[in-house]
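Here's the structure we're looking at; comments come further down.
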Amino acid sequence: MPMPPAMMALHDSVQETVQLGLPAGGQVVYVERFDAGSLPCEASGEWMRKVSGFASSSGRVLAAFDPEIAEATLALPRIRYTARTITDTVRLQQVLARARADGWVWTSEERAVGLSSMSAPVFDAHGQVVAAVSIVGRTRSLTGTRGEFILRNLVVSAKRITQDFTAFGEG
């Protein structure tokens, strides 16, 4: 699957790592990644290709918009990757509810100290969430005014990718 043009445009605009993740039994498999080269070597290896959904912004945004994905995500054993990893079921359910209301998710140093991510859902022609587009980078790069700029671009790009999926589904 070639990277959607909207993802390439997003990367060009924000100059951060952009990923496309698919749900996989409570986990997220990243099928596309456009690396900005800003991540530490240990964060761009294979351990980042398939991650637990409960501790990733992509997994959470997928779970927020699909009850079956949420059930699979919450059923997985939850370990603390860092001191900030949310493992409590009630707290995770609150995060998912907030994600549904906001239309996006942000995680701060839950998978690795110094790295944060934000994700928005991608829907198919039937309104089902099918993927998550995310940006991962150093926490200091994804906060403040720059973080707000990145988030706006992410949400717009996710809507464009959804439009592409919708057009493809109708074709």
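By order in the structure tokens, chains are A, B, ...; within a chain, residues start at 1; ligands start at 1, following the order shown.
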
*List the neighbours of Phe65 (chain A) out to 9 Å using only C-alpha atoms; skip same-chain residues closer than 3 positions along the sequence, and give me the result as number ranges by chain.*
A: 60-62, 69-70, 96, 99-100, 121, 128-129

How would the residues just chosen look if you wrote them out with N, CA, C and O atoms as a PDB file, in the first residue's frame?
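Contents of again21.pdb, freshly written:
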ATOM      1  N   ARG A  60      -5.203   3.849  21.091  1.00  0.00           N
ATOM      2  CA  ARG A  60      -6.294   4.480  21.828  1.00  0.00           C
ATOM      3  C   ARG A  60      -7.319   5.115  20.894  1.00  0.00           C
ATOM      4  O   ARG A  60      -8.520   5.030  21.139  1.00  0.00           O
ATOM      5  N   VAL A  61      -6.860   5.737  19.822  1.00  0.00           N
ATOM      6  CA  VAL A  61      -7.834   6.368  18.921  1.00  0.00           C
ATOM      7  C   VAL A  61      -8.624   5.297  18.172  1.00  0.00           C
ATOM      8  O   VAL A  61      -9.814   5.460  17.927  1.00  0.00           O
ATOM      9  N   LEU A  62      -7.994   4.171  17.851  1.00  0.00           N
ATOM     10  CA  LEU A  62      -8.718   3.064  17.229  1.00  0.00           C
ATOM     11  C   LEU A  62      -9.760   2.509  18.200  1.00  0.00           C
ATOM     12  O   LEU A  62     -10.915   2.293  17.831  1.00  0.00           O
ATOM     13  N   ILE A  69     -12.520  -3.166  19.087  1.00  0.00           N
ATOM     14  CA  ILE A  69     -11.095  -2.865  19.259  1.00  0.00           C
ATOM     15  C   ILE A  69     -10.837  -2.462  20.707  1.00  0.00           C
ATOM     16  O   ILE A  69      -9.828  -2.875  21.307  1.00  0.00           O
ATOM     17  N   ALA A  70     -11.749  -1.715  21.292  1.00  0.00           N
ATOM     18  CA  ALA A  70     -11.609  -1.315  22.693  1.00  0.00           C
ATOM     19  C   ALA A  70     -11.567  -2.545  23.592  1.00  0.00           C
ATOM     20  O   ALA A  70     -10.714  -2.641  24.495  1.00  0.00           O
ATOM     21  N   LEU A  96     -10.431   7.047  26.493  1.00  0.00           N
ATOM     22  CA  LEU A  96     -11.141   6.702  25.249  1.00  0.00           C
ATOM     23  C   LEU A  96     -12.369   7.583  25.063  1.00  0.00           C
ATOM     24  O   LEU A  96     -12.653   8.031  23.938  1.00  0.00           O
ATOM     25  N   ALA A  99     -11.206  10.875  23.873  1.00  0.00           N
ATOM     26  CA  ALA A  99     -10.781  10.777  22.475  1.00  0.00           C
ATOM     27  C   ALA A  99     -11.978  10.837  21.531  1.00  0.00           C
ATOM     28  O   ALA A  99     -11.921  11.500  20.492  1.00  0.00           O
ATOM     29  N   ARG A 100     -13.060  10.159  21.890  1.00  0.00           N
ATOM     30  CA  ARG A 100     -14.274  10.217  21.052  1.00  0.00           C
ATOM     31  C   ARG A 100     -14.795  11.646  20.976  1.00  0.00           C
ATOM     32  O   ARG A 100     -15.217  12.109  19.920  1.00  0.00           O
ATOM     33  N   PRO A 121      -8.222   9.355  13.944  1.00  0.00           N
ATOM     34  CA  PRO A 121      -8.773   8.186  13.255  1.00  0.00           C
ATOM     35  C   PRO A 121      -8.966   8.408  11.752  1.00  0.00           C
ATOM     36  O   PRO A 121      -9.171   9.531  11.297  1.00  0.00           O
ATOM     37  N   GLN A 128     -16.675   3.213   9.604  1.00  0.00           N
ATOM     38  CA  GLN A 128     -15.931   2.369  10.526  1.00  0.00           C
ATOM     39  C   GLN A 128     -14.484   2.843  10.596  1.00  0.00           C
ATOM     40  O   GLN A 128     -13.873   3.115   9.552  1.00  0.00           O
ATOM     41  N   VAL A 129     -13.926   2.908  11.806  1.00  0.00           N
ATOM     42  CA  VAL A 129     -12.517   3.261  11.926  1.00  0.00           C
ATOM     43  C   VAL A 129     -11.686   2.101  11.351  1.00  0.00           C
ATOM     44  O   VAL A 129     -11.950   0.941  11.648  1.00  0.00           O
TER      45      VAL A 129
END

Q.
Which of region 15-84 of chain A end up as strand (DSSP E or B) when DSSP is run on this backbone - answer as a ChimeraX atom specification?
A. /A:17-24,27-34,50-52

Polymer residues at most 10 Å from Ile79 (chain A), only C-alpha atoms, same-chain spacing of 6 or more positions, as an NGL selection string = :A and (52 or 54-55 or 85-87)

List every residue of chain A that DSSP, applied to the backbone of this structure, assigns to helix (DSSP H, G or I), and report them as a PyMOL selection string.
chain A and resi 5-14+41-43+46-48+53-55+57-64+67-75+89-102+139-141+144-170

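Across the structure, CA of Ala75 (chain A) and CA of Ser56 (chain A) are spaced 15.1 Å apart.
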
Could you give me, as a short mmCIF file (atom, residue, chain, number, x, y, z; two decimals) with N, CA, C and O atoms, in the first residue's frame, the residues within 12 Å of Gly147 (chain A), counting only C-alpha atoms and dropping anything in the same chain fewer than 6 positions from it?
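Result file follows (selection29.cif):
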data_model
loop_
_atom_site.label_atom_id
_atom_site.label_comp_id
_atom_site.auth_asym_id
_atom_site.auth_seq_id
_atom_site.Cartn_x
_atom_site.Cartn_y
_atom_site.Cartn_z
N VAL A 14 5.06 19.13 8.91
CA VAL A 14 5.44 19.14 10.33
C VAL A 14 6.87 18.67 10.58
O VAL A 14 7.40 18.88 11.67
N GLN A 15 7.47 18.01 9.62
CA GLN A 15 8.84 17.51 9.75
C GLN A 15 9.03 16.63 10.99
O GLN A 15 10.02 16.76 11.71
N GLU A 16 8.07 15.75 11.21
CA GLU A 16 8.13 14.76 12.29
C GLU A 16 7.79 13.40 11.68
O GLU A 16 7.32 13.32 10.55
N TRP A 106 -3.60 12.10 22.45
CA TRP A 106 -2.19 12.41 22.64
C TRP A 106 -1.68 11.57 23.80
O TRP A 106 -2.34 11.46 24.83
N SER A 108 1.80 11.06 26.26
CA SER A 108 3.02 11.74 26.66
C SER A 108 3.95 10.78 27.40
O SER A 108 3.67 10.40 28.54
N SER A 116 6.66 11.37 22.64
CA SER A 116 5.21 11.49 22.73
C SER A 116 4.61 11.28 21.36
O SER A 116 5.32 11.29 20.35
N SER A 117 3.29 11.09 21.32
CA SER A 117 2.63 10.90 20.03
C SER A 117 1.21 11.44 20.08
O SER A 117 0.63 11.60 21.15
N MET A 118 0.69 11.72 18.90
CA MET A 118 -0.70 12.13 18.75
C MET A 118 -1.26 11.41 17.53
O MET A 118 -0.54 11.17 16.57
N ILE A 135 1.57 10.96 14.65
CA ILE A 135 2.85 11.66 14.62
C ILE A 135 3.55 11.31 15.92
O ILE A 135 2.95 11.40 17.00
N VAL A 136 4.79 10.89 15.81
CA VAL A 136 5.58 10.58 17.00
C VAL A 136 6.86 11.41 16.94
O VAL A 136 7.44 11.60 15.86
N GLY A 137 7.23 11.93 18.08
CA GLY A 137 8.45 12.73 18.12
C GLY A 137 8.88 12.99 19.54
O GLY A 137 8.25 12.55 20.50
N ARG A 138 9.94 13.72 19.66
CA ARG A 138 10.42 14.10 20.98
C ARG A 138 9.36 15.00 21.63
O ARG A 138 8.77 15.85 20.97
N THR A 139 9.12 14.77 22.90
CA THR A 139 8.06 15.48 23.61
C THR A 139 8.18 16.98 23.44
O THR A 139 7.18 17.66 23.18
N ARG A 140 9.37 17.51 23.54
CA ARG A 140 9.54 18.97 23.44
C ARG A 140 9.13 19.51 22.08
O ARG A 140 8.78 20.67 21.95
N SER A 141 9.14 18.66 21.05
CA SER A 141 8.74 19.09 19.70
C SER A 141 7.24 19.04 19.48
O SER A 141 6.74 19.62 18.53
N ASN A 153 -2.65 20.08 11.85
CA ASN A 153 -2.28 19.44 10.60
C ASN A 153 -2.63 17.95 10.61
O ASN A 153 -3.08 17.41 9.60
N LEU A 154 -2.44 17.30 11.74
CA LEU A 154 -2.77 15.88 11.87
C LEU A 154 -4.25 15.65 11.63
O LEU A 154 -4.64 14.76 10.86
#

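We find CA of Val31 (chain A) and CA of Ala9 (chain A) to be spaced 17.5 Å apart.
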
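Comparing A:Ala24, A:Leu92, A:Ile150, A:Ala6 by their smallest distance to Ser119 (chain A), the closest is A:Ile150 (using only C-alpha atoms).
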
Shortest contact to Pro5 (chain A), candidates A:Gln94, A:Thr145, A:Ser157, A:Thr82, atoms counted only C-alpha atoms, goes to A:Ser157

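Across the structure, CA of Ala64 (chain A) and CA of Ala120 (chain A) are spaced 10.3 Å apart.
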
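When only C-alpha atoms are used to compute distances to Ser57 (chain A), the closest of the residues A:Ala132, A:Leu22, A:Ala97, A:Val29 turns out to be A:Ala132.
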
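Compared by their closest atoms to Gly26 (chain A), and using only C-alpha atoms, the residues A:Ala72, A:Ala131, A:Val51, A:Leu10 rank with A:Ala72 nearest.
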
Proximity of region 43-134 of chain A to region 158-169 of chain A: per-residue shortest pair, 7 Å limit, only C-alpha atoms, as a Markdown table:
| residue | atom | partner | partner_atom | distance |
| --- | --- | --- | --- | --- |
| A:Ala120 | CA | A:Ala158 | CA | 6.0 |
| A:Pro121 | CA | A:Ala158 | CA | 6.3 |
| A:Val122 | CA | A:Thr162 | CA | 5.0 |
| A:Phe123 | CA | A:Thr162 | CA | 5.2 |
| A:Asp124 | CA | A:Thr166 | CA | 5.3 |
| A:Ala125 | CA | A:Thr166 | CA | 4.0 |
| A:Val133 | CA | A:Ala158 | CA | 6.3 |

Dump of N, CA and C atoms for the selected residues, as a PDB file, in the first residue's frame:
ATOM      1  N   ALA A 120      -5.041  10.529  15.088  1.00  0.00           N
ATOM      2  CA  ALA A 120      -6.418  10.810  14.695  1.00  0.00           C
ATOM      3  C   ALA A 120      -6.924   9.621  13.886  1.00  0.00           C
ATOM      4  N   PRO A 121      -8.222   9.355  13.944  1.00  0.00           N
ATOM      5  CA  PRO A 121      -8.773   8.186  13.255  1.00  0.00           C
ATOM      6  C   PRO A 121      -8.966   8.408  11.752  1.00  0.00           C
ATOM      7  N   VAL A 122      -8.921   7.285  11.048  1.00  0.00           N
ATOM      8  CA  VAL A 122      -9.237   7.243   9.624  1.00  0.00           C
ATOM      9  C   VAL A 122     -10.419   6.282   9.482  1.00  0.00           C
ATOM     10  N   PHE A 123     -11.452   6.721   8.779  1.00  0.00           N
ATOM     11  CA  PHE A 123     -12.668   5.928   8.626  1.00  0.00           C
ATOM     12  C   PHE A 123     -12.839   5.472   7.182  1.00  0.00           C
ATOM     13  N   ASP A 124     -13.575   4.363   7.011  1.00  0.00           N
ATOM     14  CA  ASP A 124     -13.885   3.897   5.663  1.00  0.00           C
ATOM     15  C   ASP A 124     -15.206   4.510   5.196  1.00  0.00           C
ATOM     16  N   ALA A 125     -15.681   4.081   4.049  1.00  0.00           N
ATOM     17  CA  ALA A 125     -16.901   4.636   3.461  1.00  0.00           C
ATOM     18  C   ALA A 125     -18.145   4.355   4.302  1.00  0.00           C
ATOM     19  N   VAL A 133      -3.771   7.614  11.882  1.00  0.00           N
ATOM     20  CA  VAL A 133      -2.595   8.335  11.404  1.00  0.00           C
ATOM     21  C   VAL A 133      -2.009   9.018  12.642  1.00  0.00           C
TER      22      VAL A 133
END
